[in-house]
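So this one's model.txt, compact mmCIF, C-alpha atoms:
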```
# COMPACT_ATOMS: atom_id res chain seq x y z
CA MET D 1 0.00 0.00 0.00
CA TYR D 2 -0.04 3.44 0.46
CA GLY D 3 2.34 5.78 -1.27
CA ASN D 4 1.15 9.29 -1.60
CA ALA D 5 4.00 11.46 -0.52
CA TYR D 6 3.30 15.09 -0.07
CA ILE D 7 5.78 17.40 -1.75
CA ASP D 8 5.56 20.95 -0.56
CA PRO D 9 4.49 22.95 -3.63
CA ASN D 10 5.46 26.25 -2.07
CA GLU D 11 9.20 25.87 -2.34
CA LYS D 12 10.73 28.25 -4.79
CA ALA D 13 11.92 26.54 -7.93
CA ASN D 14 14.87 28.83 -8.23
CA ALA D 15 16.23 27.64 -4.94
CA MET D 16 16.04 24.06 -6.22
CA ILE D 17 19.05 24.24 -8.46
CA ALA D 18 20.94 27.14 -6.90
CA GLY D 19 24.63 26.40 -6.54
CA GLU D 20 24.56 23.20 -8.61
CA ASP D 21 27.35 22.56 -11.10
CA PRO D 22 25.67 23.37 -14.46
CA ILE D 23 27.65 20.74 -16.40
CA LYS D 24 26.86 17.96 -13.95
CA LEU D 25 23.25 19.10 -13.80
CA ALA D 26 22.99 18.97 -17.59
CA GLU D 27 24.49 15.45 -17.68
CA PHE D 28 22.13 14.36 -14.92
CA GLU D 29 19.08 15.71 -16.72
CA ALA D 30 20.21 14.22 -20.03
CA ARG D 31 20.55 10.81 -18.39
CA ILE D 32 17.00 11.02 -17.08
CA ALA D 33 15.71 12.29 -20.43
CA ARG D 34 17.28 9.21 -22.10
CA GLY D 35 15.22 7.06 -19.74
CA GLU D 36 18.24 5.87 -17.76
CA LYS D 37 18.00 5.38 -14.01
CA ILE D 38 19.97 7.26 -11.38
CA GLU D 39 21.88 5.00 -8.97
CA PRO D 40 22.89 5.76 -5.37
CA LYS D 41 26.50 6.81 -5.92
CA ASP D 42 25.72 9.00 -8.94
CA TRP D 43 26.00 12.75 -8.75
CA MET D 44 22.57 14.28 -8.12
CA PRO D 45 21.26 17.75 -7.29
CA LYS D 46 20.83 18.32 -3.56
CA GLU D 47 17.14 19.00 -4.07
CA TYR D 48 16.63 15.74 -5.96
CA ARG D 49 18.14 13.84 -3.05
CA LYS D 50 16.13 15.78 -0.50
CA GLN D 51 12.78 15.38 -2.26
CA LEU D 52 13.35 11.67 -2.87
CA ILE D 53 14.34 11.01 0.73
CA ARG D 54 11.23 12.80 1.92
CA MET D 55 8.98 11.01 -0.54
CA ILE D 56 10.34 7.49 -0.07
CA GLU D 57 10.57 7.88 3.69
CA GLN D 58 6.96 9.09 3.95
CA HIS D 59 5.91 6.19 1.78
CA GLY D 60 7.73 3.81 4.14
CA HIS D 61 6.12 5.39 7.20
CA SER D 62 2.71 5.03 5.55
CA GLU D 63 3.24 1.29 5.22
CA ILE D 64 4.17 0.97 8.90
CA ILE D 65 1.32 3.14 10.17
CA GLY D 66 -1.14 1.65 7.69
CA ALA D 67 -0.55 -1.73 9.27
CA LEU D 68 -2.14 -0.43 12.49
CA PRO D 69 -5.79 0.15 11.45
CA GLU D 70 -5.75 -3.14 9.54
CA GLY D 71 -3.83 -5.08 12.17
CA THR D 72 -6.61 -4.19 14.59
CA TRP D 73 -8.88 -6.57 12.72
CA ILE D 74 -6.65 -9.65 12.48
CA THR D 75 -7.99 -11.27 15.63
CA ARG D 76 -11.57 -10.35 14.81
CA ALA D 77 -11.62 -11.05 11.06
CA PRO D 78 -14.58 -13.33 10.28
CA GLY D 79 -13.26 -16.86 9.85
CA PHE D 80 -9.90 -18.54 9.82
CA LYS D 81 -9.14 -17.95 6.14
CA ARG D 82 -9.70 -14.19 6.42
CA LYS D 83 -7.54 -14.04 9.53
CA LEU D 84 -4.73 -15.75 7.64
CA ALA D 85 -5.15 -13.51 4.61
CA LEU D 86 -5.23 -10.31 6.64
CA MET D 87 -2.19 -11.40 8.61
CA ALA D 88 -0.33 -12.04 5.34
CA LYS D 89 -1.39 -8.64 4.02
CA VAL D 90 -0.24 -6.79 7.13
CA GLN D 91 3.07 -8.66 7.03
CA ASP D 92 3.45 -7.61 3.39
CA GLU D 93 2.89 -3.97 4.31
CA VAL D 94 5.54 -4.05 7.01
CA GLY D 95 7.88 -5.71 4.51
CA HIS D 96 7.13 -2.89 2.06
CA ALA D 97 8.19 -0.38 4.70
CA GLN D 98 11.51 -2.18 4.98
CA LEU D 99 12.02 -2.15 1.21
CA LEU D 100 11.24 1.56 1.09
CA TYR D 101 13.40 2.47 4.07
CA SER D 102 16.24 0.59 2.35
CA ALA D 103 15.75 2.63 -0.82
CA ALA D 104 15.77 5.90 1.17
CA GLU D 105 18.86 4.76 3.06
CA THR D 106 20.86 4.57 -0.17
CA LEU D 107 20.38 8.35 -0.37
CA GLY D 108 22.14 8.81 2.94
CA LYS D 109 19.52 8.94 5.69
CA SER D 110 19.85 6.18 8.26
CA ARG D 111 16.92 4.00 9.26
CA GLU D 112 17.37 5.17 12.86
CA ASP D 113 16.92 8.78 11.75
CA MET D 114 13.83 7.91 9.73
CA ILE D 115 12.22 6.08 12.65
CA ASN D 116 13.10 8.94 15.01
CA ASP D 117 11.47 11.43 12.65
CA LEU D 118 8.36 9.27 12.46
CA ILE D 119 7.87 8.80 16.19
CA THR D 120 8.51 12.43 17.05
CA GLY D 121 5.97 13.51 14.42
CA LYS D 122 8.55 15.31 12.29
CA SER D 123 7.90 13.14 9.21
CA LYS D 124 4.45 12.68 7.77
CA TYR D 125 2.70 9.56 6.56
CA SER D 126 -0.41 9.00 4.50
CA ASN D 127 -3.19 11.00 6.07
CA VAL D 128 -5.82 8.28 5.65
CA PHE D 129 -4.33 6.29 8.51
CA ASN D 130 -5.24 8.95 11.01
CA TYR D 131 -8.78 7.64 10.73
CA PRO D 132 -9.96 4.56 12.62
CA ALA D 133 -11.28 1.27 11.21
CA TYR D 134 -14.53 1.11 13.20
CA THR D 135 -15.81 -2.16 11.81
CA TRP D 136 -14.66 -5.13 9.79
CA ALA D 137 -16.16 -3.41 6.75
CA ASP D 138 -13.78 -0.47 7.23
CA ALA D 139 -10.86 -2.89 7.04
CA CYS D 140 -12.34 -4.27 3.80
CA ILE D 141 -12.80 -0.81 2.27
CA ILE D 142 -9.19 0.05 3.18
CA ALA D 143 -7.88 -3.15 1.63
CA TRP D 144 -9.80 -2.55 -1.57
CA LEU D 145 -9.92 1.18 -2.20
CA ILE D 146 -6.94 2.58 -0.31
CA ASP D 147 -4.76 -0.13 -1.81
CA ALA D 148 -6.26 0.65 -5.21
CA GLY D 149 -5.26 4.29 -4.81
CA ALA D 150 -1.82 3.26 -3.65
CA ILE D 151 -1.34 1.01 -6.67
CA ILE D 152 -2.15 3.86 -9.05
CA ASN D 153 0.45 5.98 -7.29
CA GLN D 154 3.04 3.22 -7.10
CA VAL D 155 2.70 2.08 -10.70
CA ALA D 156 3.31 5.69 -11.75
CA ASN D 157 6.29 6.13 -9.42
CA ALA D 158 7.82 2.80 -10.48
CA LYS D 159 8.61 4.53 -13.78
CA GLY D 160 10.51 7.28 -11.98
CA SER D 161 14.20 7.99 -12.25
CA TYR D 162 15.71 6.67 -9.02
CA GLY D 163 16.77 3.03 -9.46
CA PRO D 164 16.44 1.74 -5.89
CA TYR D 165 12.95 3.25 -5.48
CA CYS D 166 11.77 1.76 -8.78
CA ARG D 167 13.09 -1.68 -7.84
CA ALA D 168 11.34 -1.52 -4.45
CA LEU D 169 8.09 -0.44 -6.09
CA ASP D 170 8.18 -3.23 -8.68
CA ARG D 171 8.38 -5.76 -5.89
CA ILE D 172 5.71 -3.96 -3.88
CA CYS D 173 3.26 -3.76 -6.81
CA THR D 174 3.45 -7.53 -7.30
CA GLU D 175 2.30 -8.10 -3.73
CA GLU D 176 -0.32 -5.35 -3.87
CA SER D 177 -2.22 -7.19 -6.58
CA PHE D 178 -3.16 -9.80 -3.97
CA HIS D 179 -4.25 -7.08 -1.52
CA LEU D 180 -6.53 -5.52 -4.09
CA LYS D 181 -8.23 -8.82 -4.99
CA TYR D 182 -8.51 -9.76 -1.34
CA GLY D 183 -10.10 -6.39 -0.50
CA HIS D 184 -12.47 -6.53 -3.46
CA ASP D 185 -13.55 -10.06 -2.56
CA ASN D 186 -14.33 -8.98 1.01
CA VAL D 187 -16.32 -5.94 -0.09
CA VAL D 188 -18.25 -8.01 -2.64
CA THR D 189 -19.04 -10.60 0.04
CA LEU D 190 -20.51 -7.92 2.30
CA ALA D 191 -22.28 -6.06 -0.50
CA THR D 192 -23.96 -9.20 -1.82
CA GLY D 193 -24.74 -10.50 1.66
CA THR D 194 -27.48 -9.90 4.22
CA PRO D 195 -29.09 -6.48 4.72
CA THR D 196 -26.95 -6.04 7.85
CA GLN D 197 -23.78 -6.75 5.89
CA ARG D 198 -24.80 -4.34 3.13
CA LYS D 199 -25.55 -1.65 5.69
CA MET D 200 -22.17 -2.20 7.30
CA VAL D 201 -20.22 -1.88 4.06
CA GLN D 202 -22.26 1.14 2.94
CA GLU D 203 -21.52 2.91 6.22
CA ALA D 204 -17.83 2.14 5.90
CA LEU D 205 -17.76 3.48 2.33
CA THR D 206 -19.52 6.66 3.48
CA ARG D 207 -16.93 7.13 6.23
CA TRP D 208 -13.96 6.46 3.97
CA TRP D 209 -14.98 8.40 0.89
CA PRO D 210 -13.66 11.80 2.06
CA PRO D 211 -10.26 10.37 3.10
CA ILE D 212 -10.12 8.49 -0.21
CA MET D 213 -10.68 11.74 -2.12
CA HIS D 214 -7.95 13.33 0.00
CA PHE D 215 -5.61 10.44 -0.70
CA PHE D 216 -3.86 11.84 -3.78
CA GLY D 217 -3.43 15.27 -2.20
CA PRO D 218 -4.63 18.73 -3.26
CA SER D 219 -4.39 19.92 -6.88
CA ASP D 220 -0.79 20.66 -7.77
CA LYS D 221 -0.02 24.27 -8.29
CA ILE D 222 1.32 24.76 -11.76
CA SER D 223 4.74 25.97 -10.76
CA SER D 224 8.24 25.67 -12.10
CA HIS D 225 8.98 23.66 -8.96
CA THR D 226 6.51 20.96 -10.01
CA GLU D 227 7.84 21.15 -13.54
CA ILE D 228 11.38 20.44 -12.39
CA LEU D 229 10.24 17.51 -10.23
CA MET D 230 8.42 16.11 -13.24
CA ARG D 231 11.45 16.62 -15.49
CA TRP D 232 13.59 14.82 -12.90
CA LYS D 233 10.97 12.05 -12.82
CA VAL D 234 10.51 12.41 -9.09
CA LYS D 235 6.86 13.26 -9.55
CA MET D 236 5.33 11.13 -12.27
CA ALA D 237 1.73 12.32 -12.46
CA SER D 238 -0.26 15.20 -11.10
CA ASN D 239 -2.42 14.59 -8.04
CA ASP D 240 -5.55 15.41 -10.03
CA ASP D 241 -4.62 13.02 -12.83
CA MET D 242 -4.13 10.19 -10.35
CA ARG D 243 -7.45 11.01 -8.67
CA GLN D 244 -9.18 10.96 -12.07
CA GLN D 245 -7.60 7.63 -12.89
CA PHE D 246 -8.82 6.22 -9.59
CA LEU D 247 -12.37 7.47 -10.13
CA ASN D 248 -12.39 6.12 -13.64
CA MET D 249 -11.35 2.67 -12.54
CA TYR D 250 -13.26 2.28 -9.29
CA VAL D 251 -16.46 4.35 -9.31
CA PRO D 252 -18.10 1.98 -11.81
CA LYS D 253 -17.02 -1.01 -9.71
CA ILE D 254 -18.54 0.56 -6.59
CA TRP D 255 -21.75 1.41 -8.40
CA ASP D 256 -21.92 -2.16 -9.76
CA LEU D 257 -22.43 -3.32 -6.19
CA GLY D 258 -25.33 -0.90 -5.73
CA LEU D 259 -23.40 1.09 -3.14
CA VAL D 260 -23.93 4.82 -2.81
CA ILE D 261 -20.96 7.17 -2.98
CA PRO D 262 -21.69 10.12 -0.69
CA ASP D 263 -21.20 12.84 -3.29
CA ALA D 264 -24.27 13.97 -5.22
CA ASN D 265 -22.08 15.83 -7.72
CA LEU D 266 -20.02 12.81 -8.70
CA LYS D 267 -20.54 11.99 -12.36
CA LYS D 268 -18.53 11.56 -15.50
CA ASN D 269 -18.57 14.70 -17.59
CA GLU D 270 -19.25 13.50 -21.13
CA GLU D 271 -17.72 16.61 -22.67
CA THR D 272 -14.39 16.57 -20.86
CA GLY D 273 -14.26 12.81 -20.30
CA LYS D 274 -13.32 13.57 -16.71
CA TRP D 275 -15.11 13.10 -13.43
CA ASP D 276 -16.87 16.00 -11.77
CA TYR D 277 -16.98 15.87 -7.98
CA THR D 278 -17.45 18.07 -4.98
CA GLU D 279 -14.11 19.60 -4.09
CA PRO D 280 -12.79 17.71 -1.05
CA ASP D 281 -12.51 19.65 2.21
CA TRP D 282 -8.83 20.59 2.16
CA ASP D 283 -9.05 22.43 5.47
CA GLU D 284 -10.01 19.14 7.07
CA PHE D 285 -7.09 17.48 5.25
CA LYS D 286 -4.65 20.05 6.64
CA ARG D 287 -6.14 19.86 10.11
CA VAL D 288 -5.68 16.07 10.18
CA ILE D 289 -2.23 16.01 8.59
CA ASN D 290 -1.09 18.50 11.23
CA GLY D 291 -2.12 16.27 14.09
CA GLY D 292 -5.82 17.01 14.52
CA GLY D 293 -7.22 13.70 13.27
CA PRO D 294 -8.97 11.12 15.41
CA CYS D 295 -6.01 8.72 15.53
CA ASN D 296 -2.81 10.77 15.04
CA ALA D 297 -1.83 10.62 18.70
CA GLU D 298 -2.65 6.93 19.02
CA ARG D 299 -0.70 5.91 15.92
CA LEU D 300 2.52 7.55 17.09
CA ALA D 301 2.13 6.51 20.72
CA VAL D 302 1.74 2.88 19.60
CA ARG D 303 4.85 3.13 17.43
CA ARG D 304 6.84 4.61 20.33
CA MET D 305 5.69 1.83 22.62
CA ALA D 306 6.73 -0.80 20.07
CA GLU D 307 10.16 0.78 19.56
CA GLU D 308 10.70 1.05 23.29
CA LYS D 309 9.61 -2.52 24.01
CA GLY D 310 11.88 -4.00 21.36
CA ARG D 311 14.88 -1.93 22.27
CA TRP D 312 16.43 -4.28 24.82
CA VAL D 313 16.26 -7.18 22.36
CA ARG D 314 18.12 -5.19 19.71
CA ALA D 315 20.65 -3.96 22.26
CA ALA D 316 21.28 -7.53 23.41
CA LEU D 317 21.89 -8.68 19.82
CA LEU D 318 24.20 -5.85 18.86
CA ARG D 319 27.86 -6.77 18.66
CA LYS D 320 30.33 -4.03 19.45
CA ASP D 321 32.47 -4.56 16.36
CA GLU D 322 29.60 -3.88 13.94
CA LYS D 323 29.90 -0.91 11.63
CA TYR D 324 27.25 0.61 9.43
CA VAL D 325 27.93 1.36 5.80
CA THR D 326 25.39 2.71 3.34
CA PRO D 327 23.73 -0.13 1.39
CA LEU D 328 24.72 -0.49 -2.24
CA ALA D 329 21.52 -0.57 -4.21
CA MET T 1 -4.55 7.31 28.31
CA ILE T 2 -5.32 6.17 24.79
CA ASN T 3 -8.87 4.95 24.43
CA SER T 4 -8.34 2.85 21.31
CA LEU T 5 -10.94 0.92 19.33
CA ASP T 6 -8.33 -1.82 19.23
CA PRO T 7 -8.76 -3.95 22.36
CA ARG T 8 -5.08 -4.99 22.28
CA ILE T 9 -3.96 -1.38 22.36
CA LYS T 10 -6.48 -0.43 25.02
CA ARG T 11 -5.13 -3.16 27.29
CA GLU T 12 -1.62 -1.69 27.02
CA GLN T 13 -2.80 1.54 28.72
CA ILE T 14 -0.49 3.77 26.70
CA ASN T 15 -0.09 7.44 27.50
CA GLU T 16 -0.34 9.81 24.58
CA ASP T 17 2.83 11.60 25.63
CA ASN T 18 4.99 8.49 26.05
CA THR T 19 8.13 10.22 24.84
CA ILE T 20 11.05 7.83 24.38
CA ALA T 21 14.75 8.35 23.98
CA PRO T 22 15.70 8.54 20.29
CA LEU T 23 17.08 5.48 18.57
CA THR T 24 20.85 5.61 18.63
CA GLU T 25 23.31 4.74 15.89
CA MET T 26 23.39 0.99 15.14
CA ASP T 27 20.01 0.41 16.82
CA GLN T 28 18.93 -1.07 13.47
CA PHE T 29 22.22 -2.94 12.96
CA GLU T 30 24.33 -3.07 9.83
CA THR T 31 23.05 -4.25 6.46
CA TYR T 32 23.47 -7.43 4.45
CA GLU T 33 23.05 -7.60 0.70
CA VAL T 34 20.68 -10.43 -0.24
CA PHE T 35 21.02 -12.63 -3.33
CA HIS T 36 18.42 -15.19 -4.25
CA GLN T 37 18.21 -18.05 -6.67
CA LYS T 38 14.77 -18.49 -8.19
CA LYS T 39 15.24 -22.10 -9.17
CA ARG T 40 18.03 -24.63 -9.26
CA GLY T 41 20.27 -23.97 -12.21
CA ASP T 42 19.72 -20.19 -12.15
CA GLN T 43 22.30 -17.63 -11.09
CA HIS T 44 21.91 -15.98 -7.70
CA VAL T 45 20.65 -12.45 -8.27
CA HIS T 46 20.83 -9.44 -5.98
CA VAL T 47 17.37 -8.53 -4.64
CA GLY T 48 17.99 -5.98 -1.88
CA ILE T 49 19.17 -5.61 1.67
CA VAL T 50 18.17 -6.51 5.20
CA HIS T 51 19.26 -5.06 8.52
CA ALA T 52 20.42 -7.78 10.87
CA PRO T 53 22.64 -8.32 13.90
CA ASN T 54 24.33 -11.40 12.39
CA ALA T 55 24.39 -13.59 9.28
CA GLU T 56 21.97 -16.19 10.65
CA MET T 57 19.32 -13.54 11.26
CA ALA T 58 20.09 -11.90 7.93
CA LEU T 59 19.23 -15.23 6.26
CA LEU T 60 16.01 -15.42 8.26
CA PHE T 61 14.99 -11.85 7.40
CA GLY T 62 16.10 -12.34 3.80
CA LYS T 63 13.81 -15.33 3.51
CA GLU T 64 10.90 -13.39 5.06
CA GLN T 65 11.45 -10.33 2.92
CA PHE T 66 12.35 -11.78 -0.46
CA GLY T 67 11.07 -15.35 -0.39
CA ARG T 68 7.52 -14.49 0.65
CA ARG T 69 5.86 -15.82 -2.49
CA GLY T 70 7.85 -18.99 -3.03
CA LEU T 71 10.18 -17.35 -5.52
CA SER T 72 13.42 -18.65 -4.08
CA VAL T 73 15.13 -21.99 -3.60
CA ASN T 74 18.28 -20.55 -2.06
CA ILE T 75 19.59 -17.28 -0.70
CA TRP T 76 22.96 -15.78 0.09
CA VAL T 77 23.65 -12.87 2.39
CA VAL T 78 26.84 -10.81 2.33
CA LYS T 79 27.70 -7.96 4.66
CA THR T 80 27.43 -4.72 2.71
CA SER T 81 30.80 -3.70 4.10
CA ASN T 82 32.35 -6.77 2.46
CA VAL T 83 31.25 -5.86 -1.06
CA PHE T 84 33.69 -4.01 -3.27
CA ALA T 85 32.00 -2.20 -6.14
CA SER T 86 33.20 -0.25 -9.13
CA ASP T 87 32.27 3.40 -9.38
CA TYR T 88 29.58 4.57 -11.81
CA ASP T 89 31.85 7.52 -12.57
CA ASP T 90 34.28 4.99 -13.99
CA ALA T 91 31.68 3.46 -16.33
CA ASP T 92 34.01 4.27 -19.25
CA ILE T 93 36.17 1.29 -18.25
CA PHE T 94 33.47 -0.88 -19.82
CA GLU T 95 33.51 0.97 -23.11
CA THR T 96 35.06 -0.66 -26.11
CA VAL T 97 35.93 0.21 -29.70
CA PRO T 98 34.60 -1.25 -32.97
CA GLU T 99 38.08 -2.64 -33.82
CA LYS T 100 37.53 -5.27 -31.16
CA GLN T 101 35.42 -7.21 -33.66
CA TYR T 102 38.19 -9.81 -33.58
CA ARG T 103 36.86 -11.06 -30.25
CA GLU T 104 33.24 -11.28 -31.36
CA ALA T 105 31.74 -14.19 -33.27
CA GLY T 106 30.29 -11.69 -35.76
CA GLY T 107 33.79 -10.51 -36.60
CA TYR T 108 34.42 -13.65 -38.67
CA LYS T 109 32.77 -13.87 -42.09
CA VAL T 110 33.85 -17.33 -43.27
CA MET T 111 30.81 -17.86 -45.49
CA ASP T 112 31.84 -14.89 -47.64
CA LYS T 113 35.19 -16.52 -48.31
CA ILE T 114 33.70 -19.96 -48.87
CA ASN T 115 31.14 -18.62 -51.34
CA LYS T 116 33.79 -16.65 -53.16
CA TYR T 117 36.02 -19.72 -53.33
CA LYS T 118 33.18 -21.91 -54.59
CA LYS T 119 32.23 -19.37 -57.25
CA GLU T 120 35.76 -18.98 -58.52
CA ASN T 121 36.42 -22.71 -58.66
CA LYS T 122 33.10 -23.72 -60.19
CA ALA T 123 34.54 -24.36 -63.57
```

Full structure transcribed into structure tokens:
Amino acid sequence: MYGNAYIDPNEKANAMIAGEDPIKLAEFEARIARGEKIEPKDWMPKEYRKQLIRMIEQHGHSEIIGALPEGTWITRAPGFKRKLALMAKVQDEVGHAQLLYSAAETLGKSREDMINDLITGKSKYSNVFNYPAYTWADACIIAWLIDAGAIINQVANAKGSYGPYCRALDRICTEESFHLKYGHDNVVTLATGTPTQRKMVQEALTRWWPPIMHFFGPSDKISSHTEILMRWKVKMASNDDMRQQFLNMYVPKIWDLGLVIPDANLKKNEETGKWDYTEPDWDEFKRVINGGGPCNAERLAVRRMAEEKGRWVRAALLRKDEKYVTPLA
Amino acid sequence: MINSLDPRIKREQINEDNTIAPLTEMDQFETYEVFHQKKRGDQHVHVGIVHAPNAEMALLFGKEQFGRRGLSVNIWVVKTSNVFASDYDDADIFETVPEKQYREAGGYKVMDKINKYKKENKA
């Protein structure tokens, strides 16, 4: 799951390349334009490194935190098979975090620093996980639709320019295909079930629709900053384009099940070929991303507890002669 | 106290402001490069890294991380610090010149000579 890193659109583009060697910058950009990948030891602009670290790290944090609302339901998933499947899915997500942290590490930020920034609230993670999974149906909606959104994002980013991130995403996307089918199967089971089951899944969809619309982030400002990130293949698609792609693929599937999406304005505009919808509440998005959501405090407190509880085990295993070097690829 | 919907978390009675000391250097150990073999007869191929306190645990984590879908029959782990790599800046060491056709199979056009010989000696 879950990549939707938030790149601050307010940074001045001019500052992005200030002080960079123009010859090296030109070679770097030519390499990307030829479709070649950038590898860890290559020369890269400072801003490229910085934006990638932030993006990949946030993506990794999202996998870790995303495991919490879903993990809640492992013991209460209906039936043995669903417990097994959900456990496998949550394990996958934690594995994805490790793959992503490894990719970010190749850019020079240690895993310790990334975890510290997560648990102190300095780094962000996908905003959707600041909302709780009230019922089993919420866990099913997450597995289907949040993973669907994440796949759209990850498939786009897998074509980016940074080799280690692309390799991690290729591996991640393979596993996500199971998550998506698993989530869809669960939602279909509820939606084609008893009236109580249908009610449950409808309520979960109603709760999750606003966070889902927030998932890809606010419309990108058309700025030279965004242009440079696109030229460097750090950002592969605009937030609005990804949201449109999601709506195009999943609204019909939701409607097929006779479920109601809580947005009276949602319809495909035949003239533009795009979806019209009510503009999501971006003040709410900002409020939650800055700590005001229902679960922000819980998510981080749980992570801190886990780090603290495992610390003595790691300390006991650490040998004094060990030395860290940056991973190769 | 966190009043979670998750009964397991509720039982832990966690305080919201449970500040902890930051993780220190080496808390996450050093890294091992992981190579896996998809099936017998294939080469081992690099697939990524794991953080581990020793080689035995690196093998365990490597299996969990990269052999999750039955795609491996064997894995190797090597400490990252024990790998010596060439520099991408030195990629020109791999460049070659067209005159090195003498070491390519395509550099030898025997059929041309044979055909010419046959044609000339037909009579």

What separates atom CA of D:Glu298 and atom CA of D:Val90 is a distance of 18.3 Å

What's the 12 Å shell around T:Lys79, counting all atoms listed in the file, without same-chain residues fewer than 5 positions away, as a PyMOL selection string? (chain D and resi 322-328) or (chain T and resi 29-35+48-56+58-59+84)

Please report, as CSV, each residue of stretch 9-101 of chain T lying at most 9 Å from stretch 21-45 of chain D, together with the nearest pair of atoms and the separation in Å rounded to one decimal; use only C-alpha atoms, and order rows by chain and ascending residue number.
```
residue,atom,partner,partner_atom,distance
T:Asp87,CA,D:Lys41,CA,7.5
T:Tyr88,CA,D:Asp42,CA,6.5
T:Asp89,CA,D:Asp42,CA,7.3
```

For this session: Step by step: start from the point (13.8, -17.1, -1.8) in the file's coordinates, keep every protein, DNA or RNA residue that has an atom no farther than 12 Å from it, count all atoms listed in the file, and write the set as a PyMOL selection string.
Result: chain T and resi 34-40+44-48+59-77

| said: Could you work out which residues of chain D fall inside 8 Å of chain T? Count all atoms listed in the file, and format the result as JSON, numbers by chain. | reply: {"D": [41, 42, 72, 95, 98, 99, 102, 111, 112, 113, 115, 116, 132, 134, 297, 298, 301, 302, 304, 305, 308, 311, 314, 315, 317, 318, 319, 322, 323, 324, 325, 326, 327, 328, 329]}

Expressed in Å, the length from atom CA of D:Ala137 to atom CA of D:Lys199 is 9.6 Å

- prompt: Between atom CA of D:Thr206 and atom CA of D:Ile142, what is the distance, to one decimal in Å?
  reply: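 Between atom CA of D:Thr206 and atom CA of D:Ile142 the gap is 12.3 Å.
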
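Across D:Ile151, D:Ala139, D:Ala97, D:Leu107, the tightest approach to D:Lys83 is made by D:Ala139 when counting all atoms listed in the file.
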
Practice task
Find the residues around stretch 185-195 of chain D up to 8 Å (all atoms listed in the file counted), leave out those fewer than 3 positions away in its own chain, and share them as a list in words.
Solution key: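 My list of contacting residues is Ala137, Cys140, Ile141, Trp144, Lys181, Tyr182, Arg198, Lys199, Met200, Val201, Gln202, Leu257, Gly258 and Leu259 of chain D.
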
Checklist line | Exercise: D:Ser219 partners within 8 Å, all atoms listed in the file, chain neighbours under 3 positions left out, as JSON, numbers by chain | finding: {"D": [238, 239, 240]}

Could you write out the selected residues, including C-alpha atoms, as a JSON list (two decimals), in the coordinates of the input?
```
[["chain", "number", "residue", "atom", "x", "y", "z"],
["D", 238, "SER", "CA", -0.26, 15.20, -11.10],
["D", 239, "ASN", "CA", -2.42, 14.59, -8.04],
["D", 240, "ASP", "CA", -5.55, 15.41, -10.03]]
```

What would stretch 29-40 of chain T look like with N, CA and C atoms restored, written as a compact mmCIF listing (two decimals), in the frame of the given file?
```
# COMPACT_ATOMS: atom_id res chain seq x y z
N PHE T 29 21.15 -2.05 13.42
CA PHE T 29 22.22 -2.94 12.96
C PHE T 29 22.81 -2.51 11.60
N GLU T 30 23.76 -3.33 11.15
CA GLU T 30 24.33 -3.07 9.83
C GLU T 30 23.49 -3.80 8.77
N THR T 31 23.86 -3.63 7.51
CA THR T 31 23.05 -4.25 6.46
C THR T 31 23.78 -5.39 5.77
N TYR T 32 22.98 -6.31 5.27
CA TYR T 32 23.47 -7.43 4.45
C TYR T 32 22.82 -7.34 3.08
N GLU T 33 23.59 -7.55 2.06
CA GLU T 33 23.05 -7.60 0.70
C GLU T 33 22.53 -9.02 0.47
N VAL T 34 21.33 -9.12 -0.08
CA VAL T 34 20.68 -10.43 -0.24
C VAL T 34 20.66 -10.82 -1.72
N PHE T 35 21.06 -12.06 -1.97
CA PHE T 35 21.02 -12.63 -3.33
C PHE T 35 20.13 -13.84 -3.29
N HIS T 36 19.22 -13.96 -4.24
CA HIS T 36 18.42 -15.19 -4.25
C HIS T 36 18.50 -15.90 -5.59
N GLN T 37 18.23 -17.21 -5.49
CA GLN T 37 18.21 -18.05 -6.67
C GLN T 37 16.77 -18.51 -6.84
N LYS T 38 16.18 -18.18 -7.98
CA LYS T 38 14.77 -18.49 -8.19
C LYS T 38 14.54 -19.99 -8.30
N LYS T 39 15.35 -20.64 -9.09
CA LYS T 39 15.24 -22.10 -9.17
C LYS T 39 16.63 -22.69 -9.38
N ARG T 40 16.75 -23.97 -9.07
CA ARG T 40 18.03 -24.63 -9.26
C ARG T 40 18.49 -24.45 -10.70
```
